[in-house]
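With mmCIF, C-alpha atoms (C1' of nucleotides) inside, this is data_17.cif:
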```cif
data_coords
#
loop_
_atom_site.label_atom_id
_atom_site.label_comp_id
_atom_site.auth_asym_id
_atom_site.auth_seq_id
_atom_site.Cartn_x
_atom_site.Cartn_y
_atom_site.Cartn_z
CA MET A 22 33.00 -17.56 -18.70
CA GLY A 23 33.23 -13.83 -18.84
CA ARG A 24 34.47 -11.54 -16.11
CA PRO A 25 33.57 -12.95 -12.68
CA ARG A 26 31.25 -10.98 -10.40
CA GLU A 27 33.16 -9.16 -7.68
CA PHE A 28 30.44 -9.11 -5.02
CA ASP A 29 28.31 -11.67 -3.23
CA VAL A 30 24.75 -11.53 -4.54
CA ASP A 31 23.10 -12.64 -1.28
CA HIS A 32 25.27 -10.45 0.91
CA ALA A 33 24.41 -7.42 -1.19
CA LEU A 34 20.77 -8.50 -0.93
CA ASP A 35 21.09 -8.52 2.85
CA CYS A 36 22.41 -4.96 2.75
CA ALA A 37 19.44 -3.94 0.61
CA LEU A 38 17.15 -5.76 3.06
CA GLU A 39 18.44 -3.72 5.96
CA LEU A 40 17.83 -0.48 4.10
CA PHE A 41 14.34 -1.34 2.87
CA TRP A 42 13.48 -2.55 6.37
CA ARG A 43 14.47 0.76 7.93
CA LYS A 44 13.34 3.21 5.25
CA GLY A 45 10.58 1.39 3.41
CA TYR A 46 10.33 0.90 -0.34
CA GLU A 47 9.83 4.49 -1.36
CA GLY A 48 12.06 5.95 1.33
CA THR A 49 15.03 4.02 -0.03
CA SER A 50 16.76 5.53 -3.06
CA LEU A 51 18.97 3.80 -5.56
CA SER A 52 21.90 5.84 -4.27
CA ASP A 53 21.17 4.56 -0.75
CA LEU A 54 21.09 1.04 -2.13
CA THR A 55 24.27 1.15 -4.21
CA ASP A 56 26.15 2.80 -1.33
CA ALA A 57 25.05 0.16 1.18
CA MET A 58 25.43 -2.77 -1.20
CA GLY A 59 28.87 -1.64 -2.32
CA ILE A 60 28.05 -1.97 -6.00
CA THR A 61 27.46 0.45 -8.86
CA ARG A 62 24.14 1.25 -10.39
CA PRO A 63 24.65 -0.77 -13.60
CA SER A 64 25.71 -3.80 -11.54
CA LEU A 65 22.50 -3.54 -9.55
CA TYR A 66 20.37 -3.41 -12.67
CA ALA A 67 22.25 -6.22 -14.38
CA THR A 68 21.97 -8.48 -11.35
CA TYR A 69 18.54 -7.73 -9.87
CA GLY A 70 16.55 -6.10 -12.70
CA ASN A 71 15.31 -2.82 -11.27
CA LYS A 72 14.27 -1.34 -7.93
CA GLU A 73 10.94 -3.16 -7.90
CA GLU A 74 12.39 -6.56 -8.76
CA LEU A 75 15.14 -6.00 -6.22
CA PHE A 76 12.54 -5.37 -3.57
CA ARG A 77 10.71 -8.57 -4.43
CA LYS A 78 13.95 -10.51 -4.18
CA VAL A 79 14.58 -8.83 -0.84
CA LEU A 80 11.11 -9.92 0.29
CA ASP A 81 11.87 -13.52 -0.67
CA ARG A 82 15.10 -13.40 1.30
CA TYR A 83 13.28 -11.84 4.24
CA ASP A 84 10.82 -14.73 4.22
CA ASP A 85 13.59 -17.30 3.88
CA THR A 86 15.61 -15.95 6.77
CA CYS A 87 13.95 -13.63 9.29
CA MET A 88 10.48 -15.12 8.82
CA SER A 89 11.45 -18.80 8.64
CA PHE A 90 10.11 -19.29 12.16
CA THR A 91 6.56 -18.79 10.85
CA ARG A 92 6.69 -22.02 8.86
CA GLU A 93 8.22 -23.87 11.79
CA ALA A 94 5.48 -22.50 14.02
CA LEU A 95 2.76 -24.02 11.84
CA GLU A 96 4.27 -27.45 12.47
CA GLU A 97 3.80 -27.26 16.23
CA PRO A 98 1.55 -30.01 17.58
CA THR A 99 -1.24 -27.88 19.07
CA ALA A 100 -3.02 -24.71 18.00
CA ARG A 101 -1.89 -22.98 21.14
CA ALA A 102 1.74 -23.99 20.58
CA VAL A 103 1.49 -22.70 17.02
CA VAL A 104 0.22 -19.32 18.18
CA VAL A 105 2.72 -19.10 21.03
CA LYS A 106 5.61 -19.74 18.68
CA LEU A 107 4.21 -17.31 16.13
CA LEU A 108 3.60 -14.42 18.52
CA TYR A 109 6.87 -14.64 20.43
CA GLY A 110 8.69 -15.26 17.16
CA TYR A 111 7.27 -12.03 15.75
CA ALA A 112 8.15 -10.22 18.97
CA ASP A 113 11.73 -11.46 18.65
CA ALA A 114 12.04 -10.63 14.95
CA GLN A 115 10.60 -7.16 15.40
CA THR A 116 13.02 -6.30 18.20
CA ASP A 117 16.12 -8.08 16.95
CA PRO A 118 18.92 -5.57 17.62
CA GLN A 119 20.67 -6.77 14.47
CA HIS A 120 17.93 -5.29 12.32
CA ALA A 121 15.68 -2.27 12.18
CA PRO A 122 12.78 -2.40 14.63
CA GLY A 123 9.45 -3.54 13.23
CA CYS A 124 8.57 -5.66 10.23
CA LEU A 125 9.54 -5.20 6.59
CA GLY A 126 6.25 -6.68 5.41
CA THR A 127 4.24 -4.24 7.48
CA SER A 128 6.18 -1.00 7.15
CA GLY A 129 7.65 -1.58 3.70
CA ALA A 130 4.81 0.10 1.81
CA LEU A 131 1.68 0.57 3.92
CA ALA A 132 0.78 3.82 2.16
CA CYS A 133 2.60 4.94 -0.95
CA SER A 134 2.44 6.78 -4.25
CA ASP A 135 0.61 5.34 -7.24
CA GLU A 136 3.97 4.45 -8.72
CA ALA A 137 4.68 2.04 -5.84
CA GLU A 138 1.18 0.56 -5.85
CA PRO A 139 2.35 -2.81 -7.27
CA ILE A 140 4.69 -3.18 -4.30
CA ARG A 141 1.91 -2.29 -1.88
CA GLN A 142 -0.27 -4.95 -3.48
CA GLU A 143 2.55 -7.47 -3.28
CA LEU A 144 2.86 -6.87 0.46
CA ILE A 145 -0.90 -7.12 0.94
CA GLY A 146 -0.86 -10.41 -0.91
CA ARG A 147 1.86 -11.79 1.29
CA ARG A 148 0.08 -10.68 4.46
CA ILE A 149 -3.11 -12.37 3.29
CA ALA A 150 -1.23 -15.53 2.33
CA GLY A 151 0.34 -15.73 5.77
CA GLU A 152 -3.02 -15.27 7.43
CA ALA A 153 -4.58 -17.92 5.19
CA ALA A 154 -1.83 -20.41 6.07
CA LEU A 155 -2.50 -19.87 9.77
CA CYS A 156 -6.23 -20.20 9.14
CA ARG A 157 -5.75 -23.57 7.46
CA ARG A 158 -3.61 -24.74 10.36
CA LEU A 159 -6.34 -23.72 12.82
CA GLU A 160 -8.97 -25.54 10.78
CA GLN A 161 -6.84 -28.64 11.09
CA ALA A 162 -6.60 -28.01 14.84
CA LYS A 163 -10.36 -27.96 14.99
CA LEU A 164 -10.49 -31.33 13.27
CA ASP A 165 -7.90 -32.57 15.76
CA GLY A 166 -10.20 -31.56 18.60
CA ASP A 167 -7.46 -29.14 19.50
CA LEU A 168 -9.78 -26.13 19.29
CA PRO A 169 -13.42 -26.07 20.46
CA PRO A 170 -16.05 -26.72 17.75
CA THR A 171 -17.32 -23.18 18.23
CA ALA A 172 -13.95 -21.67 17.31
CA ASP A 173 -13.79 -19.55 14.14
CA PRO A 174 -10.43 -20.22 12.46
CA THR A 175 -10.79 -17.29 10.05
CA ASN A 176 -11.38 -14.83 12.86
CA LEU A 177 -8.75 -16.39 15.11
CA ALA A 178 -6.11 -16.26 12.38
CA ARG A 179 -6.98 -12.65 11.69
CA TYR A 180 -6.84 -11.98 15.42
CA VAL A 181 -3.32 -13.33 15.70
CA MET A 182 -2.06 -11.58 12.56
CA THR A 183 -3.67 -8.31 13.59
CA PHE A 184 -1.76 -8.50 16.81
CA ALA A 185 1.49 -9.32 15.07
CA GLN A 186 1.00 -6.33 12.80
CA GLY A 187 0.15 -4.13 15.75
CA MET A 188 3.32 -5.26 17.46
CA ALA A 189 5.25 -4.27 14.34
CA VAL A 190 3.90 -0.73 14.71
CA GLN A 191 4.74 -0.78 18.41
CA ALA A 192 8.28 -1.95 17.71
CA ALA A 193 8.68 0.73 15.04
CA SER A 194 7.56 3.22 17.70
CA GLY A 195 10.27 2.11 20.10
CA ALA A 196 8.62 -0.60 22.19
CA ASP A 197 11.24 -3.02 23.52
CA ARG A 198 11.18 -6.80 23.53
CA GLU A 199 9.93 -7.12 27.10
CA ALA A 200 6.96 -4.90 26.33
CA LEU A 201 6.06 -7.07 23.33
CA TYR A 202 6.43 -10.23 25.41
CA GLN A 203 3.96 -8.82 27.94
CA LEU A 204 1.58 -8.10 25.09
CA CYS A 205 1.86 -11.68 23.87
CA ASP A 206 1.10 -12.92 27.37
CA THR A 207 -2.04 -10.79 27.44
CA VAL A 208 -3.16 -11.91 24.00
CA LEU A 209 -2.88 -15.55 24.97
CA LEU A 210 -5.29 -15.03 27.86
CA ALA A 211 -8.05 -14.79 25.27
CA TRP A 212 -7.06 -17.95 23.48
CA PRO A 213 -9.93 -20.46 23.55
CA SER A 214 -9.27 -23.52 25.66
CA HIS A 215 -11.20 -26.75 25.54
CA MET B 7 -7.05 44.38 3.65
CA GLY B 8 -5.11 43.01 0.70
CA ARG B 9 -6.43 40.65 -1.90
CA PRO B 10 -8.84 38.14 -0.37
CA ARG B 11 -7.98 34.46 -0.40
CA GLU B 12 -9.91 32.57 -3.08
CA PHE B 13 -10.00 29.15 -1.40
CA ASP B 14 -11.20 27.74 1.90
CA VAL B 15 -8.23 26.91 4.12
CA ASP B 16 -9.90 24.04 5.97
CA HIS B 17 -11.46 22.56 2.87
CA ALA B 18 -8.09 22.52 1.14
CA LEU B 19 -6.68 20.96 4.30
CA ASP B 20 -9.28 18.22 4.02
CA CYS B 21 -8.20 17.53 0.46
CA ALA B 22 -4.59 17.29 1.62
CA LEU B 23 -5.71 15.00 4.43
CA GLU B 24 -7.31 12.59 2.00
CA LEU B 25 -4.14 12.43 -0.07
CA PHE B 26 -1.75 11.98 2.85
CA TRP B 27 -4.07 9.34 4.27
CA ARG B 28 -4.00 7.32 1.09
CA LYS B 29 -0.42 7.83 -0.04
CA GLY B 30 1.48 8.60 3.15
CA TYR B 31 3.77 11.56 3.74
CA GLU B 32 6.52 10.65 1.30
CA GLY B 33 4.21 9.11 -1.27
CA THR B 34 2.38 12.42 -1.68
CA SER B 35 4.10 15.00 -3.89
CA LEU B 36 3.53 18.73 -3.93
CA SER B 37 2.02 18.38 -7.40
CA ASP B 38 -0.43 15.82 -6.02
CA LEU B 39 -1.31 18.24 -3.23
CA THR B 40 -1.78 21.37 -5.32
CA ASP B 41 -3.87 19.43 -7.84
CA ALA B 42 -6.14 18.00 -5.16
CA MET B 43 -6.34 21.20 -3.10
CA GLY B 44 -7.04 23.30 -6.17
CA ILE B 45 -4.40 25.88 -5.32
CA THR B 46 -1.02 26.81 -6.74
CA ARG B 47 2.32 26.04 -5.17
CA PRO B 48 3.05 29.57 -3.90
CA SER B 49 -0.42 29.70 -2.32
CA LEU B 50 0.31 26.48 -0.49
CA TYR B 51 3.61 27.76 0.84
CA ALA B 52 2.17 31.14 1.82
CA THR B 53 -0.72 29.54 3.68
CA TYR B 54 0.72 26.42 5.26
CA GLY B 55 4.49 26.95 5.35
CA ASN B 56 5.95 23.94 3.59
CA LYS B 57 5.17 20.27 3.06
CA GLU B 58 6.20 19.30 6.58
CA GLU B 59 4.20 22.04 8.28
CA LEU B 60 1.24 21.25 6.04
CA PHE B 61 1.39 17.64 7.17
CA ARG B 62 1.43 18.68 10.83
CA LYS B 63 -1.61 20.88 10.24
CA VAL B 64 -3.27 17.95 8.51
CA LEU B 65 -2.50 15.79 11.54
CA ASP B 66 -4.12 18.34 13.84
CA ARG B 67 -7.20 18.40 11.66
CA TYR B 68 -7.25 14.60 11.57
CA ASP B 69 -7.22 14.56 15.37
CA ASP B 70 -9.91 17.21 15.61
CA THR B 71 -12.26 15.46 13.21
CA CYS B 72 -11.74 11.77 12.46
CA MET B 73 -10.14 11.00 15.83
CA SER B 74 -12.42 13.09 18.05
CA PHE B 75 -14.12 9.92 19.26
CA THR B 76 -10.96 8.97 21.15
CA ARG B 77 -11.35 11.86 23.59
CA GLU B 78 -15.04 11.10 23.99
CA ALA B 79 -14.18 7.48 24.67
CA LEU B 80 -11.93 8.42 27.58
CA GLU B 81 -14.92 10.05 29.27
CA GLU B 82 -16.94 6.87 29.37
CA PRO B 83 -17.83 5.81 32.92
CA THR B 84 -16.08 2.42 33.05
CA ALA B 85 -12.79 1.09 31.75
CA ARG B 86 -14.61 -1.46 29.68
CA ALA B 87 -16.89 1.16 28.14
CA VAL B 88 -13.82 3.26 27.33
CA VAL B 89 -12.14 0.39 25.54
CA VAL B 90 -15.32 -0.66 23.75
CA LYS B 91 -15.86 2.84 22.42
CA LEU B 92 -12.18 3.14 21.46
CA LEU B 93 -11.92 -0.14 19.60
CA TYR B 94 -15.18 0.08 17.65
CA GLY B 95 -14.46 3.74 17.00
CA TYR B 96 -11.13 2.83 15.44
CA ALA B 97 -12.80 0.06 13.44
CA ASP B 98 -15.32 2.59 12.13
CA ALA B 99 -12.74 5.26 11.30
CA GLN B 100 -10.45 2.81 9.56
CA THR B 101 -13.22 1.49 7.32
CA ASP B 102 -15.14 4.72 6.72
CA PRO B 103 -15.94 4.58 2.99
CA GLN B 104 -15.56 8.37 2.84
CA HIS B 105 -11.84 8.08 3.47
CA ALA B 106 -8.92 5.85 2.58
CA PRO B 107 -8.86 2.58 4.52
CA GLY B 108 -6.57 2.46 7.52
CA CYS B 109 -5.20 5.17 9.76
CA LEU B 110 -3.21 8.26 8.83
CA GLY B 111 -1.27 8.13 12.09
CA THR B 112 -0.20 4.55 11.47
CA SER B 113 0.50 4.48 7.75
CA GLY B 114 1.55 8.11 7.29
CA ALA B 115 5.24 7.47 7.86
CA LEU B 116 5.97 4.10 9.46
CA ALA B 117 9.25 3.71 7.56
CA CYS B 118 10.71 6.58 5.58
CA SER B 119 13.84 8.29 4.30
CA ASP B 120 16.10 10.24 6.65
CA GLU B 121 14.64 13.40 5.20
CA ALA B 122 11.18 12.53 6.55
CA GLU B 123 12.49 11.39 9.92
CA PRO B 124 11.02 14.41 11.78
CA ILE B 125 7.57 13.43 10.54
CA ARG B 126 8.11 9.82 11.59
CA GLN B 127 9.08 11.05 15.06
CA GLU B 128 6.04 13.30 15.18
CA LEU B 129 3.78 10.34 14.49
CA ILE B 130 5.55 8.20 17.06
CA GLY B 131 5.07 10.97 19.60
CA ARG B 132 1.38 11.19 18.90
CA ARG B 133 0.96 7.42 19.12
CA ILE B 134 2.74 7.40 22.48
CA ALA B 135 0.69 10.35 23.71
CA GLY B 136 -2.53 8.56 22.83
CA GLU B 137 -1.38 5.43 24.59
CA ALA B 138 -0.36 7.45 27.65
CA ALA B 139 -3.77 9.13 27.80
CA LEU B 140 -5.47 5.73 27.79
CA CYS B 141 -3.03 4.49 30.42
CA ARG B 142 -3.93 7.39 32.73
CA ARG B 143 -7.61 6.67 32.24
CA LEU B 144 -7.06 3.02 33.15
CA GLU B 145 -5.10 4.02 36.25
CA GLN B 146 -8.10 6.09 37.28
CA ALA B 147 -10.32 3.08 36.60
CA LYS B 148 -8.15 1.08 38.96
CA LEU B 149 -8.67 3.68 41.68
CA ASP B 150 -12.39 3.53 40.94
CA GLY B 151 -12.32 -0.20 41.60
CA ASP B 152 -13.32 -0.51 37.99
CA LEU B 153 -10.32 -2.68 37.17
CA PRO B 154 -8.90 -5.40 39.41
CA PRO B 155 -5.94 -4.36 41.63
CA THR B 156 -3.76 -6.80 39.71
CA ALA B 157 -4.40 -5.02 36.41
CA ASP B 158 -1.43 -3.36 34.71
CA PRO B 159 -2.67 -0.13 33.07
CA THR B 160 0.53 0.37 31.08
CA ASN B 161 0.30 -3.08 29.54
CA LEU B 162 -3.45 -2.87 29.03
CA ALA B 163 -3.20 0.47 27.27
CA ARG B 164 -0.45 -0.86 25.07
CA TYR B 165 -2.59 -3.95 24.41
CA VAL B 166 -5.52 -1.86 23.20
CA MET B 167 -3.40 0.48 21.09
CA THR B 168 -1.47 -2.42 19.59
CA PHE B 169 -4.74 -3.88 18.49
CA ALA B 170 -5.95 -0.61 17.06
CA GLN B 171 -2.72 -0.29 15.10
CA GLY B 172 -3.01 -3.87 13.90
CA MET B 173 -6.54 -3.15 12.73
CA ALA B 174 -5.19 -0.20 10.77
CA VAL B 175 -2.88 -2.57 8.90
CA GLN B 176 -5.75 -4.97 8.37
CA ALA B 177 -7.96 -2.20 7.01
CA ALA B 178 -5.16 -1.03 4.73
CA SER B 179 -4.96 -4.63 3.50
CA GLY B 180 -8.61 -4.69 2.59
CA ALA B 181 -10.36 -6.03 5.71
CA ASP B 182 -13.94 -4.79 5.89
CA ARG B 183 -15.80 -3.32 8.85
CA GLU B 184 -17.50 -6.57 9.84
CA ALA B 185 -14.15 -8.32 10.05
CA LEU B 186 -12.79 -5.59 12.32
CA TYR B 187 -15.90 -5.74 14.50
CA GLN B 188 -15.37 -9.47 14.97
CA LEU B 189 -11.78 -8.75 15.95
CA CYS B 190 -12.94 -6.25 18.55
CA ASP B 191 -15.34 -8.82 19.97
CA THR B 192 -12.48 -11.28 20.31
CA VAL B 193 -10.19 -8.74 21.94
CA LEU B 194 -12.76 -7.88 24.56
CA LEU B 195 -12.93 -11.51 25.66
CA ALA B 196 -9.54 -11.00 27.27
CA TRP B 197 -10.56 -7.85 29.11
CA PRO B 198 -10.31 -8.33 32.87
CA SER B 199 -13.51 -8.63 34.95
CA HIS B 200 -16.58 -7.87 32.92
"C1'" DC C 13 48.22 -13.82 -29.09
"C1'" DT C 14 42.86 -12.91 -30.75
"C1'" DG C 15 37.97 -13.14 -30.10
"C1'" DT C 16 34.05 -13.59 -27.09
"C1'" DT C 17 31.71 -12.86 -22.95
"C1'" DT C 18 30.48 -10.76 -18.76
"C1'" DA C 19 31.19 -7.24 -15.15
"C1'" DT C 20 32.76 -2.89 -13.96
"C1'" DA C 21 33.33 2.25 -14.11
"C1'" DT C 22 32.08 6.83 -15.83
"C1'" DA C 23 29.04 9.90 -17.36
"C1'" DT C 24 24.71 11.01 -18.22
"C1'" DC C 25 19.58 10.80 -19.45
"C1'" DG C 26 14.70 13.02 -18.96
"C1'" DA C 27 11.46 13.45 -15.25
"C1'" DT C 28 10.25 14.79 -11.01
"C1'" DC C 29 11.36 16.34 -6.34
"C1'" DG C 30 10.50 20.34 -2.79
"C1'" DG C 31 10.78 25.17 -2.92
"C1'" DT C 32 10.89 30.47 -4.84
"C1'" DA C 33 11.57 34.94 -7.38
"C1'" DA C 34 9.09 38.22 -9.79
"C1'" DA C 35 5.22 40.28 -11.77
"C1'" DA C 36 0.26 40.74 -12.36
"C1'" DA C 37 -4.28 41.06 -10.06
"C1'" DA C 38 -7.61 42.13 -6.46
"C1'" DC C 39 -8.81 44.20 -2.43
"C1'" DC C 40 -8.91 48.53 1.21
"C1'" DA C 41 -7.67 53.27 3.03
"C1'" DG C 42 -7.09 57.74 1.97
"C1'" DC D 3 -7.94 58.30 -8.45
"C1'" DT D 4 -3.24 56.67 -5.71
"C1'" DG D 5 -0.56 53.94 -2.43
"C1'" DG D 6 -0.10 49.92 0.32
"C1'" DT D 7 -1.06 45.08 1.16
"C1'" DT D 8 -1.94 40.44 0.10
"C1'" DT D 9 -2.90 36.74 -3.12
"C1'" DT D 10 -2.46 34.76 -7.46
"C1'" DT D 11 -0.03 33.62 -11.65
"C1'" DT D 12 3.88 32.31 -14.32
"C1'" DA D 13 8.15 30.77 -14.76
"C1'" DC D 14 11.87 28.76 -12.85
"C1'" DC D 15 15.65 27.00 -9.35
"C1'" DG D 16 19.19 23.25 -7.93
"C1'" DA D 17 18.90 18.62 -6.33
"C1'" DT D 18 17.58 14.15 -6.67
"C1'" DC D 19 14.72 10.51 -8.68
"C1'" DG D 20 15.03 5.79 -11.28
"C1'" DA D 21 17.32 4.13 -15.20
"C1'" DT D 22 21.07 3.68 -19.28
"C1'" DA D 23 24.61 4.29 -23.08
"C1'" DT D 24 29.18 3.79 -23.62
"C1'" DA D 25 33.62 2.40 -22.80
"C1'" DT D 26 36.97 -0.16 -20.15
"C1'" DA D 27 38.60 -4.27 -17.53
"C1'" DA D 28 38.89 -9.14 -16.48
"C1'" DA D 29 38.00 -13.68 -17.23
"C1'" DC D 30 37.99 -18.08 -20.68
"C1'" DA D 31 38.39 -20.52 -25.46
"C1'" DG D 32 40.88 -21.19 -29.33
#
```

Have the structure of the file written as structure tokens, please.
Amino acid sequence: MGRPREFDVDHALDCALELFWRKGYEGTSLSDLTDAMGITRPSLYATYGNKEELFRKVLDRYDDTCMSFTREALEEPTARAVVVKLLYGYADAQTDPQHAPGCLGTSGALACSDEAEPIRQELIGRRIAGEAALCRRLEQAKLDGDLPPTADPTNLARYVMTFAQGMAVQAASGADREALYQLCDTVLLAWPSH
Amino acid sequence: MGRPREFDVDHALDCALELFWRKGYEGTSLSDLTDAMGITRPSLYATYGNKEELFRKVLDRYDDTCMSFTREALEEPTARAVVVKLLYGYADAQTDPQHAPGCLGTSGALACSDEAEPIRQELIGRRIAGEAALCRRLEQAKLDGDLPPTADPTNLARYVMTFAQGMAVQAASGADREALYQLCDTVLLAWPSH
DNA sequence: CTGTTTATATATCGATCGGTAAAAAACCAG
DNA sequence: CTGGTTTTTTACCGATCGATATATAAACAG
């Protein structure tokens, strides 16, 4: 009971996502957010907590939607197929014309004030978690005989994620999708084959 | 004539550099700057202009000091030597314990408010200029027969810079120097014709 | 209808943001 | 010394920051 909410929580979250993606955590003000989300400041606080909690909810939605391909990629049958799907998936996400260029997880709070330090740490944690998931998948590939016994899953996972993060910077600098695809092609030349 | 300045302009610039490096352009406030530089607000404005001009002067100093190895690298005799010196130089700079981890040019303003957009564009311009300089060097290497005729200097330069930028994100996430060195080793496996 | 609950709208909070005006202080030329 | 120049010091500007108190509006239960 009570007065029904007049806006869609997830749709407003998507509007916040777009803003944070383009301007980063600190570059986005509450006035920016309420304008884009079409709600008032008290509604935002009542629904999402505060700016920091809103950003975390935005991150979760980002993972659930724009980054869902990463979990699908880990289910590919071979290590190479996993990495191919990951790299081209990142290239697509970072140059999707429907969103800001680049990656929210990379450019959201790479350097920030002390006040935003918890958000920076949150993003670091998510980057490390993603890298660890890929590392585990590559260890499994090694057991499968899908990667040579000399392969170093930790280093390979870091190699792939480093490239994805570099592509995010490239996309944020204006690189188009074709350029990123070419980069992915080049990266895959170094992928160990058995 | 007139009252002599009581602080060292370049030393204060170094203090500002450290702050901008760690907190980014928008994450660093004027109070942060004056505290760290040991000067008052009017002194800062009289000497450096304003926050934006100060940041540009900091960028110039960053290039002249921490990034000087990039120009030396371009003078190496072979394309491979150029890239080796570039990549390990970036790895060193991004994990120098004397400074904040990462790269000022990458994390200074990757995503920001509209107000800081000129600074974001400035950084994009410098990234593109650096990539273009490497591209020209690789074109020369092709003429020297130092790279195979099939090599694509534009893509190779972008490949190297993408990796350097990815390493900056890795360093900002806590990766240590040894990890970055391993990444460089892996990258160089894909370099055409050793 | 009345009472309760929840969401909205309005107005505002203290703190901090980047940026300056004005006066005092330290130098040099004469 | 005095006059001119530059820097420093002190105090402050309007705007915006993230966050709220208060009051009104819209739903349901009885």

Can you list what the PyMOL selection byres ((chain A) within 8 of (chain D)) grabs from this structure, as a compact mmCIF listing (two decimals) with C-alpha atoms, keeping the file's coordinate frame?
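For reference, selection09.txt as written:
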```
# COMPACT_ATOMS: atom_id res chain seq x y z
CA MET A 22 33.00 -17.56 -18.70
CA GLY A 23 33.23 -13.83 -18.84
CA ARG A 24 34.47 -11.54 -16.11
CA PRO A 25 33.57 -12.95 -12.68
CA SER A 50 16.76 5.53 -3.06
CA LEU A 51 18.97 3.80 -5.56
CA LYS A 72 14.27 -1.34 -7.93
```

*Would you list the residues near (-6.7, 0.4, 3.7) (no more than 9 Å away, in the coordinates of the file, using all atoms listed in the file) as a list in words?*
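Within 9 Å of (-6.7, 0.4, 3.7), the protein and nucleic acid residues are Leu131 and Ala132 of chain A; Arg28, Gln100, Thr101, Ala106, Pro107, Gly108, Cys109, Ala174, Val175, Gln176, Ala177, Ala178, Ser179, Gly180 and Ala181 of chain B.
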
Take the residues from that selection and put them in a file with C-alpha atoms, as a compact mmCIF listing (two decimals), keeping the file's coordinate frame.
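Written file, out-v4.txt:
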```txt
# COMPACT_ATOMS: atom_id res chain seq x y z
CA LEU A 131 1.68 0.57 3.92
CA ALA A 132 0.78 3.82 2.16
CA ARG B 28 -4.00 7.32 1.09
CA GLN B 100 -10.45 2.81 9.56
CA THR B 101 -13.22 1.49 7.32
CA ALA B 106 -8.92 5.85 2.58
CA PRO B 107 -8.86 2.58 4.52
CA GLY B 108 -6.57 2.46 7.52
CA CYS B 109 -5.20 5.17 9.76
CA ALA B 174 -5.19 -0.20 10.77
CA VAL B 175 -2.88 -2.57 8.90
CA GLN B 176 -5.75 -4.97 8.37
CA ALA B 177 -7.96 -2.20 7.01
CA ALA B 178 -5.16 -1.03 4.73
CA SER B 179 -4.96 -4.63 3.50
CA GLY B 180 -8.61 -4.69 2.59
CA ALA B 181 -10.36 -6.03 5.71
```

Please report as a tab-separated table every residue of chain A lying within 8 Å of chain B, along with the nearest atom pair and their distance in Å (one decimal), using all atoms listed in the file.
```
residue	atom	partner	partner_atom	distance
A:Trp42	CA	B:Ala117	CA	7.6
A:Arg43	CA	B:Ala117	CA	6.0
A:Lys44	CA	B:Cys118	CA	4.3
A:Gly45	CA	B:Ala117	CA	4.9
A:Glu47	CA	B:Gly33	CA	7.3
A:Gly48	CA	B:Ser119	CA	4.2
A:Thr49	CA	B:Ser119	CA	6.2
A:Thr127	CA	B:Val175	CA	7.4
A:Ser128	CA	B:Leu116	CA	5.6
A:Gly129	CA	B:Ala117	CA	6.7
A:Leu131	CA	B:Ser113	CA	5.6
A:Ala132	CA	B:Lys29	CA	4.7
A:Cys133	CA	B:Lys29	CA	4.3
A:Ser134	CA	B:Gly33	CA	4.2
A:Asp135	CA	B:Lys29	CA	7.7
A:Ile145	CA	B:Ser179	CA	5.4
A:Arg148	CA	B:Ser179	CA	7.9
A:Ile149	CA	B:Ser179	CA	8.0
A:Asn176	CA	B:Leu189	CA	6.8
A:Arg179	CA	B:Leu189	CA	7.5
A:Tyr180	CA	B:Leu189	CA	5.9
A:Met182	CA	B:Gly172	CA	7.9
A:Thr183	CA	B:Gly172	CA	4.5
A:Phe184	CA	B:Gly172	CA	5.6
A:Ala185	CA	B:Gly172	CA	7.2
A:Gln186	CA	B:Gly172	CA	4.8
A:Gly187	CA	B:Gly172	CA	3.7
A:Met188	CA	B:Thr168	CA	6.0
A:Val190	CA	B:Gln171	CA	6.6
A:Gln191	CA	B:Thr168	CA	6.5
A:Ala193	CA	B:Leu116	CA	7.1
A:Ser194	CA	B:Ile130	CA	5.4
A:Ala200	CA	B:Asn161	CA	7.6
A:Gln203	CA	B:Asn161	CA	7.0
A:Leu204	CA	B:Tyr165	CA	5.9
A:Thr207	CA	B:Tyr165	CA	7.5
A:Val208	CA	B:Ala196	CA	7.2
A:Leu210	CA	B:Ala196	CA	5.9
A:Ala211	CA	B:Ala196	CA	4.5
```

*Within 8 Å of chain A, which residues of chain C are there when counting all atoms listed in the file? Please give them as a ChimeraX atom specification.*
/C:17-20

*May I ask which of the residues B:Gly111, B:Asp182, B:Leu144, B:Leu153 is the closest one to Ile125 in chain B, counting all atoms listed in the file?*
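Distance minimum relative to Ile125 in chain B lands on B:Gly111.
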
*Got a sec to resolve the PyMOL selection byres ((chain B and resi 16) around 12) on this structure and send the residues as a count of residues only?*
21

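CA of Glu59 in chain B sits 24.1 Å away from CA of Arg77 in chain B.
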
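Using all atoms listed in the file, the contacts of range 92-94 of chain B at a cut-off of 7 Å, with sequence neighbours closer than 4 positions omitted, comprise B:Thr76, B:Ala79, B:Val88, B:Asp98, B:Ala170, B:Tyr187, B:Cys190.
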
_Could you tell me how far CA of Ala157 in chain B sits from CA of Arg143 in chain B, in Å to one decimal place?_
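Between CA of Arg143 in chain B and CA of Ala157 in chain B the gap works out to 12.8 Å.
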
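For the pair CA of Pro174 in chain A and CA of Glu199 in chain A, the interatomic distance is 28.3 Å.
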